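As provided, structure33.cif (mmCIF, C-alpha atoms) reads as follows.
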data_input
#
loop_
_atom_site.label_atom_id
_atom_site.label_comp_id
_atom_site.auth_asym_id
_atom_site.auth_seq_id
_atom_site.Cartn_x
_atom_site.Cartn_y
_atom_site.Cartn_z
CA MET G 4 0.74 -32.54 -7.12
CA ASN G 5 0.48 -29.92 -9.81
CA GLY G 6 -1.84 -27.11 -8.90
CA TYR G 7 -4.87 -26.17 -10.92
CA ASP G 8 -7.50 -23.47 -10.81
CA TYR G 9 -10.94 -24.40 -9.50
CA LEU G 10 -13.81 -22.30 -10.75
CA ILE G 11 -17.40 -22.34 -9.47
CA PRO G 12 -19.73 -20.58 -11.92
CA LYS G 13 -23.37 -20.02 -10.94
CA SER G 14 -24.86 -19.76 -14.42
CA PHE G 15 -24.32 -21.04 -17.97
CA THR G 16 -23.30 -17.54 -19.09
CA GLU G 17 -20.49 -17.63 -16.54
CA VAL G 18 -19.47 -21.09 -17.78
CA TRP G 19 -19.14 -19.93 -21.40
CA ASP G 20 -17.07 -16.93 -20.22
CA LEU G 21 -14.79 -19.14 -18.14
CA ASN G 22 -14.25 -21.47 -21.10
CA LYS G 23 -12.88 -18.48 -23.06
CA LYS G 24 -10.79 -17.25 -20.15
CA PHE G 25 -9.34 -20.67 -19.29
CA PRO G 26 -8.79 -22.54 -22.56
CA GLY G 27 -8.53 -26.29 -22.06
CA ALA G 28 -10.37 -26.22 -18.71
CA GLY G 29 -12.36 -29.39 -17.92
CA TYR G 30 -15.71 -29.78 -16.20
CA ILE G 31 -16.07 -31.47 -12.82
CA ALA G 32 -19.39 -32.87 -11.54
CA GLY G 33 -19.26 -34.99 -8.35
CA GLY G 34 -15.57 -35.67 -8.98
CA THR G 35 -15.56 -39.25 -7.66
CA ASP G 36 -13.82 -40.49 -10.82
CA LEU G 37 -12.08 -37.30 -11.89
CA MET G 38 -10.32 -36.70 -8.56
CA VAL G 39 -8.93 -40.25 -8.71
CA ARG G 40 -7.64 -39.74 -12.25
CA ILE G 41 -5.99 -36.49 -11.21
CA LYS G 42 -4.33 -38.22 -8.25
CA GLN G 43 -3.10 -41.03 -10.50
CA ARG G 44 -1.76 -38.38 -12.92
CA GLU G 45 -3.79 -39.75 -15.79
CA ILE G 46 -4.91 -36.20 -16.37
CA ARG G 47 -3.28 -32.93 -15.35
CA PRO G 48 -5.91 -30.22 -15.71
CA ARG G 49 -4.87 -26.58 -15.64
CA ALA G 50 -8.34 -25.57 -14.54
CA LEU G 51 -11.57 -27.28 -13.47
CA ILE G 52 -14.98 -25.73 -13.92
CA SER G 53 -17.38 -27.06 -11.28
CA LEU G 54 -20.98 -27.69 -12.30
CA ARG G 55 -22.30 -28.01 -8.74
CA SER G 56 -23.61 -24.49 -8.31
CA ILE G 57 -25.66 -24.14 -11.51
CA PRO G 58 -29.29 -24.43 -10.38
CA GLU G 59 -30.62 -25.55 -13.81
CA LEU G 60 -28.57 -28.76 -13.59
CA SER G 61 -30.38 -30.14 -10.55
CA GLY G 62 -33.92 -31.24 -9.89
CA ILE G 63 -36.21 -34.09 -10.91
CA ASP G 64 -39.51 -33.42 -12.74
CA ILE G 65 -42.06 -36.18 -13.15
CA GLY G 66 -44.78 -36.03 -15.78
CA ASP G 67 -45.45 -37.95 -19.01
CA THR G 68 -41.85 -37.01 -19.68
CA ILE G 69 -39.47 -37.47 -16.80
CA ARG G 70 -36.56 -35.02 -16.46
CA LEU G 71 -33.55 -35.88 -14.35
CA GLY G 72 -31.13 -32.98 -13.85
CA ALA G 73 -27.59 -34.08 -14.70
CA MET G 74 -26.20 -33.05 -11.30
CA THR G 75 -28.69 -35.21 -9.41
CA THR G 76 -26.63 -37.38 -7.05
CA ILE G 77 -27.08 -41.14 -7.04
CA THR G 78 -28.36 -40.90 -3.44
CA ASP G 79 -30.95 -38.29 -4.50
CA LEU G 80 -32.21 -40.73 -7.13
CA ILE G 81 -32.47 -43.57 -4.60
CA GLN G 82 -34.19 -41.43 -1.98
CA HIS G 83 -36.71 -39.90 -4.39
CA PRO G 84 -40.22 -40.83 -3.20
CA GLU G 85 -41.58 -41.81 -6.65
CA LEU G 86 -38.70 -42.98 -8.84
CA GLY G 87 -38.41 -46.42 -7.23
CA ARG G 88 -41.94 -47.19 -8.41
CA ILE G 89 -41.80 -45.49 -11.82
CA LEU G 90 -38.25 -46.44 -12.87
CA PRO G 91 -37.37 -49.48 -10.74
CA VAL G 92 -34.57 -50.60 -13.08
CA LEU G 93 -32.76 -47.27 -12.69
CA ILE G 94 -33.00 -47.38 -8.91
CA GLN G 95 -31.76 -51.00 -8.81
CA ALA G 96 -28.68 -49.91 -10.76
CA ALA G 97 -28.20 -46.77 -8.65
CA LYS G 98 -28.11 -48.90 -5.50
CA ARG G 99 -25.29 -50.99 -6.99
CA LEU G 100 -23.13 -47.99 -7.89
CA GLY G 101 -20.10 -47.69 -5.58
CA GLY G 102 -20.42 -47.42 -1.83
CA THR G 103 -22.49 -44.99 0.25
CA GLN G 104 -19.85 -42.24 0.25
CA ILE G 105 -19.53 -42.40 -3.54
CA ARG G 106 -23.30 -42.41 -4.14
CA ASN G 107 -23.67 -39.36 -1.89
CA VAL G 108 -21.47 -37.29 -4.21
CA ALA G 109 -21.42 -38.98 -7.64
CA THR G 110 -23.93 -37.62 -10.14
CA LEU G 111 -26.05 -39.19 -12.85
CA GLY G 112 -24.60 -36.87 -15.50
CA GLY G 113 -21.06 -37.59 -14.33
CA ASN G 114 -21.63 -41.34 -14.54
CA LEU G 115 -22.73 -40.93 -18.17
CA CYS G 116 -20.09 -38.38 -19.21
CA ASN G 117 -17.24 -40.60 -18.00
CA CYS G 118 -18.28 -42.87 -20.85
CA SER G 119 -17.05 -45.95 -19.07
CA PRO G 120 -18.24 -49.23 -20.64
CA CYS G 121 -19.20 -50.28 -17.09
CA ALA G 122 -21.25 -47.16 -16.15
CA ASP G 123 -23.97 -48.60 -13.92
CA THR G 124 -26.69 -46.05 -14.69
CA ALA G 125 -26.14 -46.22 -18.46
CA LEU G 126 -27.80 -49.63 -18.85
CA PRO G 127 -31.20 -48.84 -17.30
CA LEU G 128 -31.25 -45.53 -19.17
CA LEU G 129 -30.49 -47.35 -22.45
CA VAL G 130 -33.36 -49.81 -22.02
CA LEU G 131 -35.63 -46.92 -21.02
CA GLU G 132 -34.56 -45.22 -24.30
CA ALA G 133 -33.43 -42.05 -22.54
CA ARG G 134 -32.39 -38.91 -24.40
CA VAL G 135 -29.75 -36.49 -23.16
CA VAL G 136 -29.77 -32.73 -23.58
CA LEU G 137 -26.39 -31.26 -24.53
CA LYS G 138 -25.98 -27.52 -24.12
CA GLY G 139 -23.30 -25.28 -25.54
CA PRO G 140 -22.90 -21.54 -25.96
CA GLU G 141 -24.79 -21.67 -29.27
CA GLY G 142 -27.79 -23.60 -27.94
CA ALA G 143 -28.99 -27.05 -26.88
CA ARG G 144 -29.51 -30.32 -28.77
CA GLU G 145 -31.19 -33.59 -27.83
CA VAL G 146 -29.43 -36.90 -28.53
CA PRO G 147 -30.58 -40.48 -27.88
CA LEU G 148 -28.39 -41.94 -25.14
CA SER G 149 -27.50 -44.84 -27.46
CA ASP G 150 -25.76 -42.30 -29.75
CA PHE G 151 -24.05 -40.47 -26.88
CA PHE G 152 -21.33 -43.03 -26.16
CA VAL G 153 -18.56 -43.15 -28.77
CA SER G 154 -15.65 -45.10 -27.23
CA PRO G 155 -14.18 -45.69 -23.76
CA GLY G 156 -13.96 -42.24 -22.15
CA GLU G 157 -15.34 -40.47 -25.22
CA SER G 158 -18.84 -39.15 -25.84
CA CYS G 159 -20.36 -37.10 -28.64
CA LEU G 160 -20.08 -33.95 -26.46
CA LEU G 161 -18.46 -31.12 -28.40
CA PRO G 162 -15.74 -29.07 -26.66
CA GLY G 163 -17.40 -26.89 -24.05
CA GLU G 164 -20.79 -28.65 -24.22
CA ILE G 165 -22.50 -29.75 -20.99
CA LEU G 166 -24.90 -32.64 -20.49
CA THR G 167 -27.73 -30.82 -18.70
CA ASP G 168 -30.71 -33.21 -18.52
CA ILE G 169 -31.69 -36.83 -18.97
CA LEU G 170 -35.18 -37.18 -20.48
CA LEU G 171 -37.38 -40.28 -20.43
CA ASP G 172 -40.88 -41.18 -21.49
CA ARG G 173 -42.79 -42.55 -18.54
CA PRO G 174 -42.89 -46.35 -18.99
CA SER G 175 -46.32 -47.93 -19.49
CA VAL G 176 -47.88 -49.92 -16.68
CA ASP G 177 -47.24 -53.21 -18.57
CA THR G 178 -43.50 -52.64 -18.41
CA ARG G 179 -41.28 -54.92 -16.39
CA SER G 180 -37.54 -54.44 -15.99
CA VAL G 181 -34.51 -55.71 -14.13
CA PHE G 182 -30.84 -54.77 -13.64
CA MET G 183 -28.13 -57.35 -12.92
CA LYS G 184 -24.47 -56.82 -12.11
CA LYS G 185 -21.53 -59.12 -11.55
CA GLY G 186 -18.78 -57.72 -9.36
CA ARG G 187 -16.19 -59.43 -7.19
CA VAL G 188 -17.33 -57.55 -4.10
CA ARG G 189 -20.32 -55.31 -3.50
CA MET G 190 -18.82 -51.92 -4.42
CA ASP G 191 -16.79 -53.13 -7.42
CA LEU G 192 -16.93 -51.85 -10.92
CA ALA G 193 -18.92 -54.33 -13.00
CA ILE G 194 -17.19 -57.42 -14.43
CA ALA G 195 -20.29 -57.45 -16.58
CA SER G 196 -23.73 -55.91 -16.12
CA PHE G 197 -27.07 -56.21 -17.79
CA ALA G 198 -30.51 -54.62 -18.03
CA LEU G 199 -33.71 -55.98 -19.56
CA LEU G 200 -37.02 -54.21 -20.11
CA VAL G 201 -40.08 -55.95 -21.57
CA GLU G 202 -43.66 -54.99 -22.29
CA ILE G 203 -45.86 -58.03 -21.91
CA LYS G 204 -48.53 -58.60 -24.57
CA SER G 205 -52.04 -58.40 -23.20
CA SER G 206 -53.26 -61.01 -25.72
CA GLY G 207 -51.07 -63.97 -24.84
CA PRO G 208 -47.58 -65.28 -24.13
CA GLY G 209 -45.02 -62.94 -25.64
CA CYS G 210 -43.55 -59.46 -25.48
CA SER G 211 -44.62 -56.51 -27.60
CA LYS G 212 -41.41 -54.70 -26.65
CA VAL G 213 -37.97 -55.94 -25.58
CA ARG G 214 -35.02 -53.70 -24.72
CA ILE G 215 -31.65 -55.15 -23.73
CA ALA G 216 -28.41 -53.47 -22.67
CA ALA G 217 -25.10 -54.87 -21.43
CA GLY G 218 -22.12 -53.24 -19.72
CA SER G 219 -18.37 -54.00 -19.56
CA VAL G 220 -18.67 -56.21 -22.65
CA ALA G 221 -17.95 -53.71 -25.45
CA PRO G 222 -16.15 -50.36 -25.88
CA VAL G 223 -19.38 -48.60 -24.81
CA PRO G 224 -22.51 -49.54 -22.84
CA LEU G 225 -24.30 -51.54 -25.52
CA ARG G 226 -27.88 -52.02 -26.73
CA LEU G 227 -28.38 -55.57 -28.12
CA LYS G 228 -30.83 -54.64 -30.87
CA GLU G 229 -30.61 -57.89 -32.86
CA VAL G 230 -31.53 -59.90 -29.78
CA GLU G 231 -34.39 -57.52 -29.05
CA GLN G 232 -35.79 -58.17 -32.54
CA LEU G 233 -35.47 -61.92 -32.09
CA LEU G 234 -37.56 -61.77 -28.91
CA GLU G 235 -40.19 -59.22 -29.88
CA ASN G 236 -43.61 -60.41 -31.04
CA THR G 237 -42.71 -64.05 -30.98
CA GLY G 238 -43.76 -66.88 -28.71
CA ILE G 239 -42.19 -67.72 -25.39
CA SER G 240 -40.22 -70.91 -25.01
CA GLU G 241 -36.98 -72.18 -23.54
CA GLU G 242 -35.77 -72.77 -27.10
CA ILE G 243 -36.25 -69.11 -28.03
CA PHE G 244 -34.51 -68.07 -24.82
CA LEU G 245 -31.57 -70.34 -25.65
CA ASN G 246 -31.29 -68.87 -29.15
CA ALA G 247 -31.35 -65.38 -27.64
CA GLN G 248 -28.67 -66.36 -25.16
CA LYS G 249 -26.37 -67.67 -27.90
CA MET G 250 -27.00 -64.62 -30.05
CA ALA G 251 -26.19 -62.22 -27.18
CA GLU G 252 -22.97 -64.07 -26.41
CA GLY G 253 -21.98 -63.72 -30.06
CA ILE G 254 -22.77 -60.02 -30.39
CA VAL G 255 -20.82 -58.65 -27.43
CA SER G 256 -17.10 -57.97 -27.79
CA PRO G 257 -15.58 -58.01 -24.30
CA ILE G 258 -11.88 -57.84 -23.48
CA THR G 259 -9.72 -59.69 -20.97
CA ASP G 260 -8.37 -57.32 -18.32
CA ILE G 261 -7.51 -57.17 -14.63
CA ARG G 262 -11.16 -57.72 -13.61
CA SER G 263 -12.11 -60.70 -15.76
CA THR G 264 -11.68 -62.60 -19.01
CA GLU G 265 -13.34 -62.17 -22.37
CA ASP G 266 -14.90 -65.62 -22.23
CA TYR G 267 -16.35 -65.22 -18.73
CA ARG G 268 -17.89 -61.84 -19.58
CA ARG G 269 -19.48 -63.27 -22.72
CA ARG G 270 -21.05 -66.10 -20.73
CA ILE G 271 -22.34 -63.79 -18.02
CA VAL G 272 -24.26 -61.75 -20.57
CA GLY G 273 -25.91 -64.88 -21.98
CA VAL G 274 -26.75 -66.31 -18.58
CA TYR G 275 -28.06 -62.97 -17.28
CA LEU G 276 -30.27 -62.63 -20.36
CA LYS G 277 -31.78 -66.06 -19.79
CA ARG G 278 -32.27 -65.46 -16.07
CA ALA G 279 -33.76 -62.02 -16.65
CA LEU G 280 -36.20 -63.33 -19.26
CA ARG G 281 -37.35 -66.09 -16.93
CA LYS G 282 -37.66 -63.67 -14.04
CA LEU G 283 -39.70 -61.10 -15.93
CA ILE G 284 -41.84 -63.39 -18.06
CA TYR G 285 -42.35 -66.67 -16.26
CA THR G 286 -43.41 -65.26 -12.93
CA ASN G 287 -46.72 -64.19 -14.42
CA GLY G 288 -49.67 -66.54 -13.83
CA GLU G 289 -50.12 -69.33 -16.37
CA TRP G 290 -46.80 -68.87 -18.18
CA HIS G 291 -45.16 -69.69 -14.93
CA LYS G 292 -46.31 -73.33 -15.37
CA GLU G 293 -44.48 -73.64 -18.67
CA LYS G 294 -41.21 -73.90 -16.75
CA MET S 10 -5.26 -19.64 -7.17
CA ARG S 11 -6.24 -19.28 -3.50
CA LYS S 12 -9.27 -18.15 -1.63
CA GLU S 13 -10.68 -18.02 1.86
CA ILE S 14 -13.25 -20.76 2.50
CA HIS S 15 -15.84 -20.49 5.27
CA PHE S 16 -17.73 -23.44 6.67
CA ILE S 17 -19.04 -25.02 9.88
CA LEU S 18 -16.70 -27.60 11.40
CA ASN S 19 -18.16 -29.63 14.27
CA GLY S 20 -20.53 -26.81 15.14
CA SER S 21 -18.05 -23.92 14.94
CA ALA S 22 -17.57 -21.47 12.09
CA VAL S 23 -14.07 -21.70 10.57
CA SER S 24 -12.24 -19.85 7.80
CA VAL S 25 -9.21 -21.19 5.96
CA LEU S 26 -7.08 -19.84 3.15
CA VAL S 27 -7.00 -22.68 0.62
CA GLU S 28 -5.25 -23.41 -2.67
CA ALA S 29 -7.60 -24.41 -5.48
CA HIS S 30 -6.31 -27.95 -5.92
CA LYS S 31 -6.59 -28.94 -2.23
CA ARG S 32 -9.07 -31.55 -1.09
CA LEU S 33 -11.26 -31.42 2.01
CA ILE S 34 -8.98 -33.88 3.83
CA ASP S 35 -5.97 -31.63 3.18
CA ILE S 36 -7.52 -28.66 4.96
CA LEU S 37 -9.02 -30.74 7.79
CA ARG S 38 -5.71 -32.40 8.68
CA ASP S 39 -3.20 -29.66 8.11
CA PRO S 40 -4.28 -26.10 8.72
CA LEU S 41 -7.20 -27.18 10.94
CA GLY S 42 -5.31 -29.95 12.79
CA HIS S 43 -8.17 -32.47 12.77
CA LYS S 44 -5.91 -35.49 12.36
CA GLY S 45 -8.62 -37.98 13.28
CA THR S 46 -9.54 -37.96 9.59
CA LYS S 47 -7.20 -40.55 8.00
CA GLU S 48 -6.02 -40.84 4.44
CA GLY S 49 -5.84 -44.48 3.39
CA CYS S 50 -6.03 -45.01 -0.36
CA GLY S 51 -6.79 -41.44 -1.38
CA GLU S 52 -9.00 -42.82 -4.15
CA GLY S 53 -12.40 -43.34 -2.55
CA GLU S 54 -12.00 -47.10 -2.09
CA CYS S 55 -11.23 -47.47 1.63
CA GLY S 56 -13.40 -44.90 3.41
CA ALA S 57 -10.79 -44.09 6.11
CA CYS S 58 -11.21 -40.38 5.28
CA THR S 59 -15.01 -40.42 5.67
CA VAL S 60 -16.56 -37.27 7.16
CA ILE S 61 -20.17 -36.09 7.22
CA VAL S 62 -21.08 -33.15 4.97
CA ASP S 63 -24.60 -31.75 5.38
CA GLY S 64 -25.79 -35.04 6.88
CA ARG S 65 -24.24 -37.39 4.32
CA ALA S 66 -21.07 -39.48 4.59
CA VAL S 67 -18.49 -38.52 1.95
CA ASN S 68 -14.88 -39.38 1.15
CA SER S 69 -12.95 -36.25 2.10
CA CYS S 70 -10.10 -37.38 -0.19
CA LEU S 71 -12.33 -36.89 -3.26
CA TYR S 72 -14.02 -33.67 -2.16
CA PRO S 73 -12.57 -30.46 -3.63
CA ALA S 74 -11.90 -28.05 -0.75
CA PHE S 75 -13.48 -25.10 -2.58
CA GLU S 76 -16.82 -26.98 -2.62
CA ILE S 77 -17.04 -27.01 1.18
CA GLU S 78 -17.90 -23.28 1.29
CA GLY S 79 -21.00 -22.79 3.45
CA LYS S 80 -21.36 -26.48 4.29
CA ASN S 81 -21.68 -28.24 7.64
CA VAL S 82 -18.88 -30.77 8.33
CA THR S 83 -18.62 -33.33 11.11
CA THR S 84 -15.33 -35.13 11.79
CA ILE S 85 -14.54 -37.72 14.47
CA GLU S 86 -13.41 -34.86 16.75
CA GLY S 87 -16.98 -33.57 16.68
CA LEU S 88 -18.36 -36.67 18.39
CA LEU S 89 -16.71 -36.16 21.76
CA GLY S 90 -19.02 -34.89 24.47
CA SER S 91 -18.12 -32.52 27.31
CA GLY S 92 -15.13 -33.60 29.39
CA ASN S 93 -13.93 -35.73 26.46
CA ARG S 94 -16.74 -38.23 27.07
CA LEU S 95 -17.03 -40.71 24.20
CA SER S 96 -20.20 -40.68 22.14
CA VAL S 97 -22.55 -43.66 22.21
CA ILE S 98 -21.16 -45.00 18.93
CA GLN S 99 -17.53 -44.62 20.01
CA GLN S 100 -18.24 -46.32 23.35
CA ALA S 101 -19.98 -49.20 21.52
CA PHE S 102 -16.91 -49.72 19.29
CA VAL S 103 -14.72 -49.87 22.42
CA GLU S 104 -17.00 -52.31 24.24
CA LYS S 105 -17.70 -54.64 21.31
CA GLY S 106 -14.12 -54.80 20.04
CA GLY S 107 -14.87 -52.92 16.82
CA ILE S 108 -11.37 -51.46 16.93
CA GLN S 109 -8.04 -53.15 16.38
CA CYS S 110 -5.34 -50.99 14.78
CA GLY S 111 -7.79 -48.08 14.71
CA PHE S 112 -6.91 -46.59 11.34
CA CYS S 113 -10.30 -47.28 9.75
CA THR S 114 -12.22 -46.47 12.94
CA PRO S 115 -12.97 -42.75 12.50
CA GLY S 116 -14.35 -43.43 9.01
CA MET S 117 -16.34 -46.44 10.22
CA ILE S 118 -17.83 -44.44 13.08
CA LEU S 119 -18.80 -41.51 10.86
CA SER S 120 -20.44 -43.83 8.31
CA ALA S 121 -22.29 -45.45 11.22
CA LYS S 122 -23.31 -42.02 12.55
CA ALA S 123 -24.63 -40.89 9.16
CA LEU S 124 -26.72 -44.08 9.08
CA LEU S 125 -28.03 -43.88 12.65
CA ASP S 126 -28.85 -40.16 12.35
CA THR S 127 -31.36 -40.97 9.59
CA ASN S 128 -32.22 -44.56 10.51
CA PRO S 129 -31.94 -45.09 14.28
CA ASP S 130 -33.00 -48.76 14.15
CA PRO S 131 -31.25 -50.31 11.12
CA GLY S 132 -31.29 -54.01 10.27
CA GLU S 133 -28.03 -55.89 9.72
CA GLU S 134 -28.34 -55.57 5.94
CA GLU S 135 -28.78 -51.81 6.23
CA ILE S 136 -25.72 -51.57 8.49
CA ARG S 137 -23.61 -53.62 6.07
CA ASN S 138 -24.82 -51.51 3.16
CA ALA S 139 -23.97 -48.26 4.97
CA LEU S 140 -20.43 -49.53 5.72
CA VAL S 141 -19.69 -51.11 2.33
CA GLY S 142 -17.42 -48.17 1.47
CA ASN S 143 -15.29 -48.62 4.60
CA LEU S 144 -12.52 -51.20 4.57
CA CYS S 145 -11.03 -52.76 7.71
CA ARG S 146 -7.97 -54.99 7.41
CA CYS S 147 -7.90 -56.21 11.04
CA THR S 148 -11.16 -57.19 12.67
CA GLY S 149 -13.07 -58.91 9.89
CA TYR S 150 -16.17 -56.72 10.26
CA VAL S 151 -18.18 -58.94 12.62
CA GLN S 152 -17.31 -56.88 15.69
CA ILE S 153 -17.81 -53.68 13.75
CA ILE S 154 -21.35 -54.67 12.77
CA GLU S 155 -21.99 -55.69 16.40
CA SER S 156 -20.69 -52.31 17.55
CA VAL S 157 -23.15 -50.45 15.30
CA LYS S 158 -26.02 -52.67 16.51
CA GLU S 159 -25.00 -51.96 20.11
CA ALA S 160 -24.85 -48.22 19.36
CA ALA S 161 -28.37 -48.38 17.91
CA GLU S 162 -29.64 -50.17 21.04
CA LYS S 163 -27.90 -47.75 23.42
CA GLY S 164 -29.09 -44.82 21.33
CA LYS S 165 -32.67 -45.94 21.92
CA GLU S 166 -32.08 -46.10 25.68
CA ILE S 167 -30.76 -42.55 25.70
CA LYS S 168 -33.78 -41.27 23.83
#

For this file, produce the structure as structure tokens.
Amino acid sequence: MNGYDYLIPKSFTEVWDLNKKFPGAGYIAGGTDLMVRIKQREIRPRALISLRSIPELSGIDIGDTIRLGAMTTITDLIQHPELGRILPVLIQAAKRLGGTQIRNVATLGGNLCNCSPCADTALPLLVLEARVVLKGPEGAREVPLSDFFVSPGESCLLPGEILTDILLDRPSVDTRSVFMKKGRVRMDLAIASFALLVEIKSSGPGCSKVRIAAGSVAPVPLRLKEVEQLLENTGISEEIFLNAQKMAEGIVSPITDIRSTEDYRRRIVGVYLKRALRKLIYTNGEWHKEK
Amino acid sequence: MRKEIHFILNGSAVSVLVEAHKRLIDILRDPLGHKGTKEGCGEGECGACTVIVDGRAVNSCLYPAFEIEGKNVTTIEGLLGSGNRLSVIQQAFVEKGGIQCGFCTPGMILSAKALLDTNPDPGEEEIRNALVGNLCRCTGYVQIIESVKEAAEKGKEIK
């Protein structure tokens, strides 16, 4: 294996200095994907700058706005005493990411910055309309997560920029959400994955807000905005669900690869949408009888 | 680039001169001679290289050696009691047939230990979930799950 330098800065100032001293150096978070890509010689870094020892990148703050530090591990998310109640869809997805040993080291920021179309935590964060804070030597900017992903492996991060925080508005109490994932075995990458968030109308059958995201079915984790519009502020019926299902299957653009086929992935998204709608909407009192 | 790394290995302070690109498994096996930690896939899929770092099971094949500075590491060698007496978990794997070729065993046992240290009375689903990152190609997992259940039972008796 080719050697590389491994640098552990303790502040952002040190990071910006190291970037000048080691041109072309890459960042490493938990390393659970990066170390594999180095082993497989997909990448041959000359230097890695570790983000593990920068205190500002860790921590979880809960208020009207929720802040998740980018270096929060997946296990830290799962074990947090409040997040399971406030952001159940994120915790459901976190529990399906990798195996125990991966979750203990992998970070939320790393999962996003890999920009994999199958990133498990991306879908709940998309339906929760998360923003990410990107910090460079000249300052920080805030970007909606839906604009962060550009193509497989590529984000809108500029050279040297670091994803420092994930920001979310606290969901209202009428919010219901669910994450679904199809893998061959438990710790697989997703063949296809899906997240749905709805806000139920207080006045009668229907949703005042619908947010849908799907994974492994497009070059980036995808929001299905057209389907959201179809379902928002309309009635609730099996016919509407079926239309939404067909529309979702038409919008996604999956590929056939070693894990699955284009056709199967398309169908999973449609079926998951229908199942998720039924699960979140029909289990509530009188609408339940409509089934 | 090299530097001296200091950490706690199975309760004892150790120092090793390490090259920057080495992984935790590289320093455990070679300079430190802890060959109980196995490298299977080297890509975080099989869990044979599992060790416990600050109370959590990790794949030592994905863990940059420089990051272990100041941390507390437990390998399979750290489970032996005085006079080379097997630990409760190891004994349970022997008695319940949780071992066949043995290559996955150290990783399995450390994943089980990380679970039992925080959850001494896990249900079957919790055991399966804790071991999902450990592959075994011989026994078919049933005996392994039974071994962890047995270890939990025996652990209660000891306490």

Next item on the list: Could you list, as a PyMOL selection string, the residues of chain S having an atom within 9 Å of chain G when counting only C-alpha atoms?
Entry: chain S and resi 10-11+28-31+51-54+56+59+65-68+70-73+75-76+120+138-143

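Taking atom CA of Pro48 of chain G and atom CA of Asp260 of chain G as the two end points, the separation is 27.3 Å.
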
Checklist line | the PyMOL selection byres ((chain G and resi 204-219) around 8) applied to the shown file, residues as a PyMOL selection string | finding: chain G and resi 120-123+126-127+129-131+193-203+220-228+230-232+234-239+257+268+272+290

Next item on the list: Have a look at G:Tyr275, G:Phe244, G:Trp19, G:Tyr267 and name the one nearest to Glu141 of chain G; count only C-alpha atoms.
Entry: G:Trp19

Write out as a JSON list (two decimals) with C-alpha atoms, keeping the file's coordinate frame which residues come within 12 Å of Phe112 of chain S when counting all atoms listed in the file, dropping same-chain ones fewer than 4 positions away.
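Ended up saving to selection30.json:
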[["chain", "number", "residue", "atom", "x", "y", "z"],
["S", 44, "LYS", "CA", -5.91, -35.49, 12.36],
["S", 45, "GLY", "CA", -8.62, -37.98, 13.28],
["S", 46, "THR", "CA", -9.54, -37.96, 9.59],
["S", 47, "LYS", "CA", -7.20, -40.55, 8.00],
["S", 48, "GLU", "CA", -6.02, -40.84, 4.44],
["S", 49, "GLY", "CA", -5.84, -44.48, 3.39],
["S", 50, "CYS", "CA", -6.03, -45.01, -0.36],
["S", 55, "CYS", "CA", -11.23, -47.47, 1.63],
["S", 56, "GLY", "CA", -13.40, -44.90, 3.41],
["S", 57, "ALA", "CA", -10.79, -44.09, 6.11],
["S", 58, "CYS", "CA", -11.21, -40.38, 5.28],
["S", 59, "THR", "CA", -15.01, -40.42, 5.67],
["S", 107, "GLY", "CA", -14.87, -52.92, 16.82],
["S", 108, "ILE", "CA", -11.37, -51.46, 16.93],
["S", 116, "GLY", "CA", -14.35, -43.43, 9.01],
["S", 117, "MET", "CA", -16.34, -46.44, 10.22],
["S", 118, "ILE", "CA", -17.83, -44.44, 13.08],
["S", 143, "ASN", "CA", -15.29, -48.62, 4.60],
["S", 144, "LEU", "CA", -12.52, -51.20, 4.57],
["S", 145, "CYS", "CA", -11.03, -52.76, 7.71],
["S", 146, "ARG", "CA", -7.97, -54.99, 7.41],
["S", 147, "CYS", "CA", -7.90, -56.21, 11.04],
["S", 148, "THR", "CA", -11.16, -57.19, 12.67]]

Next item on the list: Return as a PyMOL selection string the set of residues that the PyMOL selection byres ((chain G and resi 91) around 12) yields on the displayed structure.
Entry: chain G and resi 80-81+83-90+92-98+124+127-128+130-131+173-174+178-182+198-200

Note to self: Need to verify the contact set: segment 86-95 of chain S, 10 Å, only C-alpha atoms, exclusion of same-chain residues closer than 2 positions in sequence. Can you return it as JSON, numbers by chain?
What the structure shows: {"S": [18, 19, 20, 21, 43, 44, 45, 46, 82, 83, 84, 97, 98, 99, 100, 101, 103, 115, 118, 119, 122]}

Using the chain letters and numbering of this document, enumerate as a compact mmCIF listing (two decimals) with C-alpha atoms, in the frame of the given file the residues selected by the PyMOL selection byres ((chain G and resi 155) around 9).
# COMPACT_ATOMS: atom_id res chain seq x y z
CA ASN G 117 -17.24 -40.60 -18.00
CA CYS G 118 -18.28 -42.87 -20.85
CA SER G 119 -17.05 -45.95 -19.07
CA PRO G 120 -18.24 -49.23 -20.64
CA PHE G 152 -21.33 -43.03 -26.16
CA VAL G 153 -18.56 -43.15 -28.77
CA SER G 154 -15.65 -45.10 -27.23
CA GLY G 156 -13.96 -42.24 -22.15
CA GLU G 157 -15.34 -40.47 -25.22
CA SER G 158 -18.84 -39.15 -25.84
CA PRO G 222 -16.15 -50.36 -25.88
CA VAL G 223 -19.38 -48.60 -24.81

Notebook entry, point to check: Suppose you want the space between atom CA of Asn114 of chain G and atom CA of Leu276 of chain G; what is it in Å?
Noted result: 23.7 Å

Notebook entry, point to check: Between S:Leu33, S:Leu41, S:Ile167, S:Ala121, which one has atoms that come closest to Ile77 of chain S, using all atoms listed in the file?
Noted result: S:Leu33

Notebook entry, point to check: So how far away is atom CA of Asp130 of chain S from atom CA of Cys110 of chain S, in Å?
Noted result: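 The value is 27.8 Å.
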
Note to self: If we draw a sphere of 10 Å around (-25.3, -68.7, -27.6), which residues have at least one atom in it when counting only C-alpha atoms? Please report them as a PyMOL selection string.
What the structure shows: chain G and resi 244-254+269-270+272-274
